[in-house]
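Q: Okay, so here is query-v5.tsv, and as you'll see once you scroll down, it has TSV, C-alpha atoms.
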chain	number	residue	atom	x	y	z
H	513	MET	CA	-5.42	0.47	52.48
H	514	GLY	CA	-4.92	3.15	55.08
H	515	ALA	CA	-4.58	6.81	54.39
H	516	GLY	CA	-1.07	6.64	55.74
H	517	MET	CA	2.14	8.26	54.67
H	518	ARG	CA	2.96	5.29	52.43
H	519	ASP	CA	0.68	4.89	49.51
H	520	PRO	CA	0.60	1.22	48.47
H	521	GLY	CA	0.20	2.40	44.87
H	522	ARG	CA	3.78	3.58	45.05
H	523	GLN	CA	4.90	-0.01	45.51
H	524	ARG	CA	3.43	-1.07	42.23
H	525	TYR	CA	3.25	0.47	38.83
H	526	SER	CA	-0.10	2.10	38.14
H	527	ALA	CA	-2.74	0.06	36.30
H	528	ALA	CA	-2.31	2.19	33.17
H	529	ALA	CA	1.48	1.75	33.19
H	530	ILE	CA	1.07	-2.01	33.63
H	531	ALA	CA	-1.48	-2.21	30.78
H	532	LEU	CA	0.77	-0.16	28.49
H	533	HIS	CA	3.86	-2.19	29.43
H	534	TRP	CA	2.25	-5.52	28.54
H	535	ALA	CA	0.47	-4.25	25.45
H	536	ILE	CA	3.74	-2.85	24.11
H	537	ALA	CA	5.65	-5.98	25.19
H	538	THR	CA	3.22	-8.24	23.32
H	539	ALA	CA	3.38	-6.03	20.24
H	540	ILE	CA	7.20	-5.92	20.30
H	541	LEU	CA	7.37	-9.71	20.58
H	542	LEU	CA	5.04	-10.09	17.58
H	543	LEU	CA	7.02	-7.46	15.68
H	544	LEU	CA	10.31	-9.25	16.29
H	545	ILE	CA	8.91	-12.64	15.29
H	546	SER	CA	7.15	-11.30	12.19
H	547	GLY	CA	10.15	-9.18	11.25
H	548	LEU	CA	12.51	-12.13	11.40
H	549	TRP	CA	10.14	-14.34	9.43
H	550	MET	CA	8.91	-11.99	6.73
H	551	THR	CA	12.29	-10.63	5.63
H	552	ASP	CA	13.27	-14.16	4.58
H	553	ALA	CA	9.83	-15.34	3.46
H	554	ILE	CA	9.46	-12.41	1.05
H	555	GLU	CA	12.34	-13.88	-0.98
H	556	VAL	CA	10.70	-17.29	-1.37
H	557	PRO	CA	8.06	-17.53	-4.11
H	558	ASP	CA	5.84	-19.92	-2.10
H	559	THR	CA	5.61	-17.63	0.91
H	560	ARG	CA	5.88	-14.30	-0.86
H	561	ALA	CA	2.18	-13.42	-0.87
H	562	ASP	CA	1.79	-14.27	2.84
H	563	ALA	CA	4.94	-12.33	3.66
H	564	PHE	CA	3.56	-9.32	1.80
H	565	ALA	CA	0.42	-9.47	3.96
H	566	VAL	CA	2.54	-9.82	7.11
H	567	TYR	CA	4.55	-6.73	6.09
H	568	GLN	CA	1.35	-4.66	5.94
H	569	TRP	CA	0.35	-5.96	9.36
H	570	HIS	CA	3.88	-5.41	10.77
H	571	LYS	CA	3.69	-1.75	9.68
H	572	SER	CA	0.36	-1.31	11.45
H	573	LEU	CA	1.61	-2.95	14.63
H	574	GLY	CA	4.82	-0.89	14.61
H	575	LEU	CA	2.85	2.34	14.38
H	576	THR	CA	0.71	1.11	17.27
H	577	VAL	CA	3.87	0.71	19.36
H	578	LEU	CA	4.93	4.24	18.37
H	579	VAL	CA	1.66	5.71	19.62
H	580	LEU	CA	1.53	3.55	22.76
H	581	SER	CA	5.15	4.38	23.60
H	582	PHE	CA	4.48	8.10	23.44
H	583	ALA	CA	1.43	7.52	25.63
H	584	ARG	CA	3.53	5.54	28.06
H	585	LEU	CA	6.27	8.16	28.15
H	586	ALA	CA	3.69	10.90	28.79
H	587	TRP	CA	2.04	8.80	31.52
H	588	ARG	CA	5.44	8.16	33.10
H	589	LEU	CA	6.26	11.86	33.22
H	590	ILE	CA	2.97	12.63	34.97
H	591	ASN	CA	3.01	9.50	37.15
H	592	PRO	CA	6.61	8.70	38.04
H	593	PRO	CA	7.21	4.96	38.49
H	594	PRO	CA	7.94	3.49	41.91
H	595	GLY	CA	11.57	3.72	42.93
H	596	LEU	CA	14.13	0.92	42.84
H	597	PRO	CA	14.76	-1.22	45.93
H	598	ALA	CA	17.12	0.44	48.39
H	599	GLU	CA	19.34	-2.66	48.32
H	600	MET	CA	20.40	-2.03	44.74
H	601	GLY	CA	23.93	-0.77	44.25
H	602	ARG	CA	25.00	2.20	42.18
H	603	LEU	CA	26.13	0.14	39.20
H	604	GLU	CA	22.97	-1.93	39.27
H	605	ARG	CA	20.86	1.22	39.24
H	606	LEU	CA	22.89	2.66	36.39
H	607	ALA	CA	22.44	-0.58	34.41
H	608	ALA	CA	18.68	-0.55	35.06
H	609	HIS	CA	18.28	3.10	34.04
H	610	THR	CA	20.42	2.69	30.93
H	611	THR	CA	18.45	-0.37	29.84
H	612	HIS	CA	15.19	1.50	30.22
H	613	VAL	CA	16.43	4.57	28.38
H	614	VAL	CA	17.60	2.39	25.48
H	615	PHE	CA	14.21	0.63	25.51
H	616	TYR	CA	12.41	3.94	25.06
H	617	VAL	CA	14.84	5.00	22.35
H	618	LEU	CA	14.10	1.75	20.47
H	619	MET	CA	10.35	1.73	21.17
H	620	ILE	CA	10.09	5.15	19.54
H	621	GLY	CA	13.08	4.96	17.21
H	622	MET	CA	12.26	1.61	15.59
H	623	PRO	CA	8.78	2.58	14.39
H	624	LEU	CA	10.18	5.91	13.16
H	625	LEU	CA	12.93	4.09	11.25
H	626	GLY	CA	10.38	1.68	9.81
H	627	TRP	CA	8.13	4.55	8.81
H	628	ALA	CA	11.07	6.34	7.17
H	629	MET	CA	12.05	3.11	5.40
H	630	VAL	CA	8.54	2.57	4.03
H	631	SER	CA	8.47	6.21	2.93
H	632	ALA	CA	11.79	5.84	1.11
H	633	SER	CA	10.79	2.54	-0.49
H	634	VAL	CA	11.01	2.44	-4.26
H	635	PHE	CA	7.72	0.51	-4.22
H	636	GLY	CA	5.91	3.53	-2.77
H	637	LEU	CA	3.39	1.24	-1.10
H	638	PRO	CA	0.87	2.99	1.12
H	639	THR	CA	0.44	2.11	4.79
H	640	ILE	CA	-3.17	1.33	5.59
H	641	VAL	CA	-3.28	0.93	9.38
H	642	PHE	CA	-4.99	-2.42	10.01
H	643	GLY	CA	-6.81	-1.87	6.72
H	644	LEU	CA	-8.70	1.06	8.23
H	645	PHE	CA	-7.05	4.35	7.28
H	646	GLU	CA	-4.02	5.55	5.39
H	647	TRP	CA	-0.94	6.63	7.32
H	648	PRO	CA	1.02	9.20	5.32
H	649	HIS	CA	4.61	8.79	4.20
H	650	MET	CA	7.33	11.04	5.63
H	651	PRO	CA	7.60	13.68	2.90
H	652	MET	CA	11.36	14.14	3.30
H	653	PHE	CA	11.85	10.49	2.32
H	654	ALA	CA	8.89	10.02	-0.02
H	655	GLU	CA	10.02	12.93	-2.19
H	656	LEU	CA	13.65	11.85	-2.52
H	657	GLU	CA	15.06	11.87	-6.01
H	658	ASN	CA	17.15	8.74	-5.49
H	659	LYS	CA	15.40	6.56	-2.92
H	660	ALA	CA	17.21	3.24	-3.25
H	661	PRO	CA	20.44	4.00	-1.30
H	662	VAL	CA	18.51	5.77	1.46
H	663	GLU	CA	16.08	2.86	1.74
H	664	THR	CA	18.99	0.43	1.99
H	665	ALA	CA	20.64	2.42	4.78
H	666	LEU	CA	17.37	2.74	6.72
H	667	LYS	CA	16.68	-0.99	6.31
H	668	ARG	CA	20.11	-1.77	7.71
H	669	ALA	CA	19.50	0.51	10.70
H	670	HIS	CA	16.04	-1.00	11.30
H	671	SER	CA	17.51	-4.49	11.20
H	672	ILE	CA	20.31	-3.61	13.63
H	673	GLY	CA	17.70	-2.02	15.89
H	674	GLY	CA	15.71	-5.25	15.79
H	675	TYR	CA	18.64	-7.35	16.96
H	676	LEU	CA	19.48	-4.77	19.61
H	677	MET	CA	15.89	-5.02	20.79
H	678	ILE	CA	16.20	-8.82	21.08
H	679	ALA	CA	19.39	-8.45	23.13
H	680	LEU	CA	17.75	-5.84	25.36
H	681	LEU	CA	14.65	-8.00	25.80
H	682	VAL	CA	16.74	-10.96	26.93
H	683	LEU	CA	18.64	-8.74	29.36
H	684	HIS	CA	15.38	-7.24	30.66
H	685	VAL	CA	13.75	-10.64	31.27
H	686	LEU	CA	16.87	-12.10	32.88
H	687	ALA	CA	17.18	-9.05	35.13
H	688	ALA	CA	13.52	-9.29	36.15
H	689	LEU	CA	13.95	-12.99	36.97
H	690	LYS	CA	17.12	-12.25	38.93
H	691	HIS	CA	15.28	-9.66	40.99
H	692	HIS	CA	12.49	-12.11	41.70
H	693	PHE	CA	14.40	-15.32	42.38
H	694	VAL	CA	17.82	-14.15	43.54
H	695	ASP	CA	17.24	-10.76	45.16
H	696	ARG	CA	13.69	-11.73	46.15
H	697	ASP	CA	12.49	-8.16	45.84
H	698	HIS	CA	9.28	-6.79	44.31
H	699	VAL	CA	10.74	-5.47	41.06
H	700	LEU	CA	9.09	-8.18	38.94
H	701	THR	CA	5.78	-8.48	40.76
H	702	ARG	CA	5.09	-4.75	40.79
H	703	MET	CA	4.73	-4.89	37.02
H	704	LEU	CA	2.57	-8.03	36.95
H	705	PRO	CA	-1.08	-7.45	36.22
H	706	PHE	CA	-3.98	-8.79	38.29
H	707	LEU	CA	-2.05	-8.80	41.58
H	708	PRO	CA	-3.55	-7.02	44.56
H	709	ALA	CA	-1.81	-3.88	45.70
H	710	ARG	CA	1.31	-4.88	47.57
H	711	ARG	CA	0.75	-5.06	51.25
H	712	VAL	CA	2.62	-2.52	53.20
H	713	PRO	CA	4.26	-3.98	56.30
H	714	ASN	CA	2.45	-3.31	59.57
H	715	GLU	CA	-0.80	-2.69	57.83
H	716	GLU	CA	-3.77	-5.00	57.89
H	717	THR	CA	-5.60	-5.04	54.62
H	718	GLN	CA	-9.28	-5.83	54.19
G	895	MET	CA	17.23	35.70	-35.74
G	896	ASN	CA	16.43	32.54	-33.90
G	897	ILE	CA	13.45	34.04	-32.05
G	898	PHE	CA	11.64	34.77	-35.35
G	899	LYS	CA	12.24	31.30	-36.60
G	900	ARG	CA	10.85	29.87	-33.40
G	901	THR	CA	7.80	32.12	-33.46
G	902	ALA	CA	7.11	31.25	-37.07
G	903	ARG	CA	7.39	27.56	-36.26
G	904	ALA	CA	5.03	27.92	-33.29
G	905	LEU	CA	2.51	29.80	-35.44
G	906	ALA	CA	2.70	27.16	-38.12
G	907	ALA	CA	2.06	24.48	-35.50
G	908	CYS	CA	-1.01	26.38	-34.29
G	909	VAL	CA	-2.40	26.65	-37.78
G	910	VAL	CA	-1.94	22.93	-38.38
G	911	ALA	CA	-3.58	22.12	-35.03
G	912	VAL	CA	-6.59	24.35	-35.71
G	913	ALA	CA	-6.96	22.95	-39.22
G	914	ALA	CA	-6.82	19.41	-37.89
G	915	ALA	CA	-9.52	20.21	-35.34
G	916	GLN	CA	-11.81	21.55	-38.07
G	917	PHE	CA	-11.64	18.41	-40.13
G	918	PRO	CA	-11.67	15.38	-37.88
G	919	ALA	CA	-11.17	12.10	-39.60
G	920	ALA	CA	-14.70	10.72	-39.72
G	921	PRO	CA	-15.97	7.59	-41.43
G	922	SER	CA	-17.84	8.45	-44.59
G	923	PHE	CA	-20.87	6.38	-43.56
G	924	ALA	CA	-21.35	5.68	-39.88
G	925	ALA	CA	-22.51	2.25	-38.82
G	926	GLN	CA	-25.18	1.84	-36.15
G	927	ASN	CA	-24.40	3.91	-33.03
G	928	TRP	CA	-24.75	2.30	-29.65
G	929	ASP	CA	-25.14	3.69	-26.16
G	930	VAL	CA	-23.52	1.93	-23.25
G	931	ILE	CA	-25.82	0.87	-20.42
G	932	ASP	CA	-23.39	1.72	-17.62
G	933	ASP	CA	-24.78	-0.37	-14.79
G	934	GLN	CA	-24.67	-3.54	-16.90
G	935	SER	CA	-21.21	-2.95	-18.29
G	936	THR	CA	-17.75	-3.48	-16.91
G	937	ILE	CA	-14.16	-3.12	-17.98
G	938	GLY	CA	-12.01	-5.37	-15.86
G	939	PHE	CA	-8.41	-6.37	-15.52
G	940	ALA	CA	-6.61	-9.22	-13.82
G	941	GLY	CA	-3.14	-10.37	-12.89
G	942	THR	CA	-1.15	-11.81	-10.06
G	943	HIS	CA	0.66	-10.11	-7.21
G	944	ALA	CA	3.29	-12.16	-5.38
G	945	GLY	CA	1.82	-15.13	-7.22
G	946	ARG	CA	-1.69	-14.52	-5.89
G	947	PRO	CA	-4.41	-13.62	-8.41
G	948	PHE	CA	-6.23	-10.30	-8.26
G	949	THR	CA	-8.97	-8.74	-10.33
G	950	GLY	CA	-10.10	-5.18	-10.70
G	951	THR	CA	-12.53	-2.97	-12.54
G	952	PHE	CA	-12.65	0.60	-13.73
G	953	GLN	CA	-15.54	2.49	-12.20
G	954	SER	CA	-15.50	5.36	-14.64
G	955	TRP	CA	-15.17	5.12	-18.43
G	956	GLU	CA	-17.08	5.92	-21.54
G	957	ALA	CA	-17.28	4.46	-25.02
G	958	ASP	CA	-18.33	5.79	-28.36
G	959	ILE	CA	-19.35	2.79	-30.41
G	960	SER	CA	-20.52	2.48	-34.00
G	961	PHE	CA	-20.83	-1.13	-34.99
G	962	ASP	CA	-22.57	-3.11	-37.67
G	963	PRO	CA	-21.49	-6.72	-38.24
G	964	SER	CA	-22.40	-6.33	-41.90
G	965	ASP	CA	-20.54	-3.04	-42.28
G	966	LEU	CA	-17.25	-3.54	-40.49
G	967	ALA	CA	-15.51	-0.98	-42.67
G	968	SER	CA	-17.45	1.88	-41.09
G	969	SER	CA	-17.55	0.33	-37.63
G	970	ARG	CA	-15.39	1.97	-35.02
G	971	ALA	CA	-15.04	2.48	-31.31
G	972	GLU	CA	-13.35	4.91	-29.00
G	973	VAL	CA	-13.06	4.13	-25.31
G	974	THR	CA	-11.82	6.51	-22.61
G	975	VAL	CA	-11.05	5.13	-19.16
G	976	ASP	CA	-10.42	7.13	-15.98
G	977	LEU	CA	-7.40	5.28	-14.63
G	978	ALA	CA	-7.87	6.67	-11.13
G	979	SER	CA	-11.16	4.78	-10.94
G	980	ALA	CA	-9.47	1.36	-10.79
G	981	ILE	CA	-10.54	-0.70	-7.80
G	982	THR	CA	-9.39	-4.17	-6.79
G	983	GLY	CA	-10.88	-4.48	-3.32
G	984	ASP	CA	-7.42	-4.30	-1.76
G	985	ALA	CA	-6.66	-0.86	-0.32
G	986	THR	CA	-2.90	-1.32	-0.71
G	987	TYR	CA	-3.26	-2.03	-4.44
G	988	ASP	CA	-5.87	0.66	-4.97
G	989	LYS	CA	-3.71	3.35	-3.39
G	990	THR	CA	-0.64	2.24	-5.35
G	991	LEU	CA	-2.18	1.98	-8.84
G	992	PRO	CA	-2.63	5.75	-9.37
G	993	THR	CA	0.97	6.58	-8.36
G	994	THR	CA	3.74	7.78	-10.66
G	995	ASP	CA	5.28	4.40	-11.44
G	996	TRP	CA	1.94	2.75	-12.24
G	997	PHE	CA	-0.91	4.67	-13.88
G	998	ASN	CA	0.62	8.07	-13.10
G	999	VAL	CA	-2.83	9.65	-13.10
G	1000	SER	CA	-1.57	13.06	-12.01
G	1001	GLN	CA	0.17	13.35	-15.40
G	1002	ILE	CA	-2.28	11.61	-17.74
G	1003	ALA	CA	-5.56	10.71	-16.10
G	1004	GLN	CA	-7.07	8.63	-18.87
G	1005	ALA	CA	-6.37	5.63	-21.00
G	1006	LYS	CA	-7.70	5.78	-24.53
G	1007	PHE	CA	-8.43	3.05	-27.04
G	1008	VAL	CA	-9.25	3.99	-30.61
G	1009	THR	CA	-9.92	1.30	-33.16
G	1010	THR	CA	-8.13	1.40	-36.49
G	1011	ASP	CA	-9.67	-1.68	-38.06
G	1012	ILE	CA	-12.42	-4.11	-37.14
G	1013	SER	CA	-12.50	-7.43	-38.91
G	1014	GLN	CA	-14.09	-10.85	-38.69
G	1015	ALA	CA	-12.01	-13.29	-36.67
G	1016	ALA	CA	-10.81	-16.59	-38.14
G	1017	ASP	CA	-13.54	-18.52	-36.30
G	1018	GLY	CA	-16.15	-16.69	-38.38
G	1019	ARG	CA	-18.17	-15.70	-35.30
G	1020	SER	CA	-16.13	-13.26	-33.26
G	1021	PHE	CA	-14.43	-10.04	-34.29
G	1022	ASN	CA	-11.01	-8.49	-33.92
G	1023	ALA	CA	-10.87	-4.81	-33.14
G	1024	GLU	CA	-7.39	-3.57	-33.82
G	1025	GLY	CA	-6.51	-0.22	-32.41
G	1026	LEU	CA	-4.14	1.94	-30.50
G	1027	LEU	CA	-4.28	1.88	-26.73
G	1028	SER	CA	-2.71	4.84	-25.01
G	1029	ILE	CA	-1.74	4.64	-21.35
G	1030	ARG	CA	0.76	6.95	-19.65
G	1031	GLY	CA	1.21	8.65	-22.99
G	1032	VAL	CA	2.48	5.48	-24.67
G	1033	ASP	CA	0.57	4.22	-27.72
G	1034	VAL	CA	0.60	0.48	-28.24
G	1035	PRO	CA	-1.23	-1.50	-30.94
G	1036	VAL	CA	-3.73	-3.77	-29.21
G	1037	THR	CA	-6.27	-6.25	-30.53
G	1038	LEU	CA	-9.55	-6.69	-28.70
G	1039	THR	CA	-11.25	-9.94	-29.65
G	1040	PHE	CA	-14.98	-9.79	-29.01
G	1041	ASN	CA	-18.31	-11.44	-29.51
G	1042	PHE	CA	-21.29	-9.37	-30.44
G	1043	ILE	CA	-24.69	-10.74	-29.48
G	1044	ASP	CA	-27.42	-8.76	-31.16
G	1045	GLN	CA	-30.62	-8.89	-29.09
G	1046	GLY	CA	-32.72	-6.54	-31.19
G	1047	GLN	CA	-32.81	-3.21	-29.38
G	1048	ASP	CA	-29.93	-4.28	-27.16
G	1049	ALA	CA	-26.67	-6.00	-27.82
G	1050	ARG	CA	-24.06	-7.54	-25.64
G	1051	LEU	CA	-20.37	-7.12	-26.40
G	1052	GLU	CA	-17.92	-9.44	-24.65
G	1053	GLY	CA	-14.26	-9.00	-25.38
G	1054	THR	CA	-10.77	-9.70	-24.17
G	1055	ALA	CA	-7.37	-8.20	-24.86
G	1056	SER	CA	-4.06	-9.24	-23.40
G	1057	LEU	CA	-1.83	-6.40	-22.39
G	1058	LYS	CA	1.80	-6.41	-21.38
G	1059	ARG	CA	2.08	-3.74	-18.73
G	1060	LEU	CA	5.73	-2.96	-19.49
G	1061	ASP	CA	4.75	-1.97	-23.05
G	1062	PHE	CA	3.22	1.09	-21.41
G	1063	GLY	CA	5.95	1.45	-18.79
G	1064	ILE	CA	3.49	0.49	-16.05
G	1065	GLY	CA	5.47	-0.43	-12.92
G	1066	LYS	CA	8.79	-0.35	-14.75
G	1067	GLY	CA	10.47	1.60	-11.94
G	1068	SER	CA	9.64	-0.72	-9.06
G	1069	ASP	CA	8.91	-4.07	-10.73
G	1070	ALA	CA	10.54	-4.26	-14.14
G	1071	ASP	CA	10.91	-8.05	-14.19
G	1072	GLY	CA	7.50	-9.09	-12.93
G	1073	ALA	CA	8.83	-10.34	-9.60
G	1074	TRP	CA	5.71	-8.89	-7.94
G	1075	VAL	CA	3.05	-8.04	-10.44
G	1076	SER	CA	2.56	-10.27	-13.48
G	1077	LEU	CA	3.71	-8.75	-16.75
G	1078	ASP	CA	0.62	-10.10	-18.54
G	1079	ILE	CA	-2.54	-8.23	-17.67
G	1080	PRO	CA	-5.64	-9.61	-19.38
G	1081	VAL	CA	-8.38	-7.05	-19.84
G	1082	THR	CA	-12.02	-8.05	-20.19
G	1083	VAL	CA	-14.79	-5.95	-21.58
G	1084	SER	CA	-18.42	-6.82	-20.93
G	1085	VAL	CA	-20.74	-4.19	-22.26
G	1086	MET	CA	-24.51	-3.94	-22.62
G	1087	LEU	CA	-25.42	-1.74	-25.56
G	1088	LYS	CA	-28.61	-0.06	-26.60
G	1089	ARG	CA	-29.34	1.18	-30.11
G	1090	ALA	CA	-28.87	4.93	-30.43
G	1091	ASP	CA	-29.91	7.31	-33.21
Here is a file; write its structure as structure tokens.
A:
Amino acid sequence: MGAGMRDPGRQRYSAAAIALHWAIATAILLLLISGLWMTDAIEVPDTRADAFAVYQWHKSLGLTVLVLSFARLAWRLINPPPGLPAEMGRLERLAAHTTHVVFYVLMIGMPLLGWAMVSASVFGLPTIVFGLFEWPHMPMFAELENKAPVETALKRAHSIGGYLMIALLVLHVLAALKHHFVDRDHVLTRMLPFLPARRVPNEETQ
Amino acid sequence: MNIFKRTARALAACVVAVAAAQFPAAPSFAAQNWDVIDDQSTIGFAGTHAGRPFTGTFQSWEADISFDPSDLASSRAEVTVDLASAITGDATYDKTLPTTDWFNVSQIAQAKFVTTDISQAADGRSFNAEGLLSIRGVDVPVTLTFNFIDQGQDARLEGTASLKRLDFGIGKGSDADGAWVSLDIPVTVSVMLKRAD
């Protein structure tokens, strides 16, 4: 790559941003699948014990997303992502920005809601992150006099957030595919790992 | 005036308490005293959670035991268990057990079992120790059925008692119908004893 005015790195997300994106994406996918399964399985005697174990693991994974999302947000503020293709219209840009803002709200909001919900649970079960160390409860919820109604409300919100996340995920994937196959721009590939830095036109690499 | 009445009542209560402390109820003739050999003795409990069995032990407890198979009338035992010392090997259980709805160790840290009567069991070999077990400040009559194997200087005591956790209010706030944790909690006692003076 030449030491020109255009830095090829600007065409792609940075390696750290790509790693964080896919780590968080994988975790969110597992969280959605486990969340959908365990909330039903916990009601069935045959699967109750397994569901209980999955809940503990779901809590750990959710907190991981919380930490990674803060890391990603911080990284993004220091290393702004590459811009959108010039061909995109105003509405398209607005849709893209809105989707990403809502993603960040959910990536941080969902673990916080889950944490609040666990803290307000009448069971008072501790959260042992991947069996390694205890994550504290939120005192404002753990010390409530009457936890049950608060827990119910938080559960409802967490569930709605989960479905919203599924909808957003579908939109995100469809949009990425549209960019790649219909618009034929680099919006999808710039977030794919293991690709060489995008070649800048008029520049011979190697 | 009410305040005098109250003061008088409080004073009377103090006098009774002090008097009671001076004259503890003691058996007229003590049976053989035994010391517990800690590292060869366990008090364990078991149950199921979500239908899956678990077992646990108490790491810290002590027992005052006077026992003579031929003098059951003056035989007695008093066991004190630090409830916070319960371990099951599952961090989630272990962190939950001491909390308010379960053992509530911040209020009453210990469980106490004091025998009221020890008798020969119907099988003619084992014994029944009837007593009061106090957990969370609730006293419940409990019978510990045990075998006593006299080995000369040592003796082995193996016993079981079946507890119903709700009798003590254990977990009544979060699991009052046993949907999660079994209502029946068998307790096993396996103690190595050594003759004491």
Q: Residues of chain G no more than 12 Å from chain H, counting only C-alpha atoms: send them over as a PyMOL selection string.
A: chain G and resi 942-948+983-996+1065-1070+1073-1075
Q: At a cut-off of 7 Å from (11.4, -10.5, 38.0) in the coordinates of the file, what residues are picked up using only C-alpha atoms, written as a list in words?
A: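 Output of the proximity query reads Ala687, Ala688, Leu689, Lys690, His691, His692, Val699, Leu700 and Thr701 of chain H.
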Q: List every protein, DNA or RNA residue that has at least one atom no more than 6 Å from (13.4, 4.8, 3.3) in the file's coordinates, counting all atoms listed in the file, and write the result as a ChimeraX atom specification.
A: /H:628-633,653,662-663,666
Q: Please provide as a list in words all residues within 12 Å of G:Gly1018, with the sequence filter that same-chain residues fewer than 5 positions apart are discarded (counting only C-alpha atoms).
A: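 Result of the neighbour search: Pro963, Ser1013, Phe1040, Asn1041 and Phe1042 of chain G.
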Q: Using all atoms listed in the file, can you tell me which of H:Ala539, H:Leu532, H:Ser546, H:Thr610 comes closest to H:Leu585?
A: H:Leu532
Q: Any idea what the distance is between atom CA of G:Trp928 and atom CA of G:Asp958?
A: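 Interatomic distance here is 7.4 Å.
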Q: Could you please determine the separation between atom CA of G:Lys1058 and atom CA of H:Lys659 in Å, to one decimal place?
A: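 The value is 26.3 Å.
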Q: Could you check which of H:Ile540, H:Met652, H:Ala608, H:Ala669 is closest to H:Gly626, using only C-alpha atoms?
A: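 Closest to H:Gly626 of all the choices is H:Ala669.
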Q: What is the atom CA of G:Ala957-atom CA of G:Glu972 distance in Å, reported with one decimal?
A: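 Going from atom CA of G:Ala957 over to atom CA of G:Glu972, I get 5.6 Å.
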Q: Can you pull out every residue within 9 Å of stretch 616-619 of chain H, counting only C-alpha atoms, but drop anything in the same chain fewer than 4 positions away, and send it as a PyMOL selection string?
A: chain H and resi 536+540+574+577-578+581-582+585+611-612+623+673-674+676-677
Q: Would you mind telling me which residue in G:Asp962, G:Glu956, G:Asp932, G:Asp1011 lies nearest to G:Ile1043 when using only C-alpha atoms?
A: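 Of all the options, G:Asp962 lies closest to G:Ile1043.
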Q: Taking every listed atom of stretch 542-553 of chain H and adding 4 Å to each side, what centre and edge lengths in Å (one decimal) does the axis-aligned box have, as lines of an AutoDock Vina configuration file?
A:
center_x = 9.2
center_y = -11.4
center_z = 10.5
size_x = 16.2
size_y = 15.9
size_z = 22.1
Q: With distances taken over all atoms listed in the file, which residue among G:Gly1025, G:Pro1080, G:Gly938, G:Gly1063 lies nearest G:Ser954?
A: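 Closest candidate: G:Gly938.
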Q: As number ranges by chain, please: the residues near H:Ser671 (cut-off 10 Å, only C-alpha atoms, same-chain neighbours under 6 positions excluded).
A: H: 547-548, 551, 622, 625-626, 665, 677
Q: May I have the residues from that selection written out with C-alpha atoms, as an mmCIF file, in the frame of the given file?
A:
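Contents of again-v1.cif, freshly written:
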data_model
loop_
_atom_site.group_PDB
_atom_site.id
_atom_site.type_symbol
_atom_site.label_atom_id
_atom_site.label_comp_id
_atom_site.auth_asym_id
_atom_site.auth_seq_id
_atom_site.Cartn_x
_atom_site.Cartn_y
_atom_site.Cartn_z
ATOM 1 C CA GLY H 547 10.150 -9.180 11.250
ATOM 2 C CA LEU H 548 12.510 -12.130 11.400
ATOM 3 C CA THR H 551 12.290 -10.630 5.630
ATOM 4 C CA MET H 622 12.260 1.610 15.590
ATOM 5 C CA LEU H 625 12.930 4.090 11.250
ATOM 6 C CA GLY H 626 10.380 1.680 9.810
ATOM 7 C CA ALA H 665 20.640 2.420 4.780
ATOM 8 C CA MET H 677 15.890 -5.020 20.790
#
Q: Taking into account all atoms listed in the file, which residue in the set G:Val1081, G:Phe1007, G:Trp955, G:Gly1031 is nearest to G:Ala1055?
A: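 Among the listed residues, G:Val1081 lies closest to G:Ala1055.
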Q: Between H:Ala583, H:Val566, H:Leu656, H:Leu544, single out the one closest to H:Leu681, counting all atoms listed in the file.
A: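 Using all atoms listed in the file, H:Leu681 sits closest to H:Leu544.
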Q: Is it possible to add N, CA and C atoms to stretch 934-942 of chain G and hand it back as a PDB file, keeping the file's coordinate frame?
A:
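Saved result, part-v6.pdb, follows:
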ATOM      1  N   GLN G 934     -24.760  -2.134 -16.488  1.00  0.00           N
ATOM      2  CA  GLN G 934     -24.670  -3.540 -16.900  1.00  0.00           C
ATOM      3  C   GLN G 934     -23.393  -3.779 -17.689  1.00  0.00           C
ATOM      4  N   SER G 935     -22.438  -2.865 -17.505  1.00  0.00           N
ATOM      5  CA  SER G 935     -21.210  -2.950 -18.290  1.00  0.00           C
ATOM      6  C   SER G 935     -19.985  -2.814 -17.397  1.00  0.00           C
ATOM      7  N   THR G 936     -18.984  -3.599 -17.684  1.00  0.00           N
ATOM      8  CA  THR G 936     -17.750  -3.480 -16.910  1.00  0.00           C
ATOM      9  C   THR G 936     -16.526  -3.599 -17.814  1.00  0.00           C
ATOM     10  N   ILE G 937     -15.480  -2.892 -17.400  1.00  0.00           N
ATOM     11  CA  ILE G 937     -14.160  -3.120 -17.980  1.00  0.00           C
ATOM     12  C   ILE G 937     -13.293  -3.600 -16.824  1.00  0.00           C
ATOM     13  N   GLY G 938     -12.772  -4.789 -16.958  1.00  0.00           N
ATOM     14  CA  GLY G 938     -12.010  -5.370 -15.860  1.00  0.00           C
ATOM     15  C   GLY G 938     -10.600  -5.727 -16.264  1.00  0.00           C
ATOM     16  N   PHE G 939      -9.785  -5.938 -15.261  1.00  0.00           N
ATOM     17  CA  PHE G 939      -8.410  -6.370 -15.520  1.00  0.00           C
ATOM     18  C   PHE G 939      -8.043  -7.412 -14.467  1.00  0.00           C
ATOM     19  N   ALA G 940      -7.011  -8.158 -14.755  1.00  0.00           N
ATOM     20  CA  ALA G 940      -6.610  -9.220 -13.820  1.00  0.00           C
ATOM     21  C   ALA G 940      -5.103  -9.372 -13.879  1.00  0.00           C
ATOM     22  N   GLY G 941      -4.581 -10.119 -12.922  1.00  0.00           N
ATOM     23  CA  GLY G 941      -3.140 -10.370 -12.890  1.00  0.00           C
ATOM     24  C   GLY G 941      -2.819 -11.115 -11.627  1.00  0.00           C
ATOM     25  N   THR G 942      -1.548 -11.207 -11.332  1.00  0.00           N
ATOM     26  CA  THR G 942      -1.150 -11.810 -10.060  1.00  0.00           C
ATOM     27  C   THR G 942      -0.213 -10.845  -9.352  1.00  0.00           C
TER      28      THR G 942
END
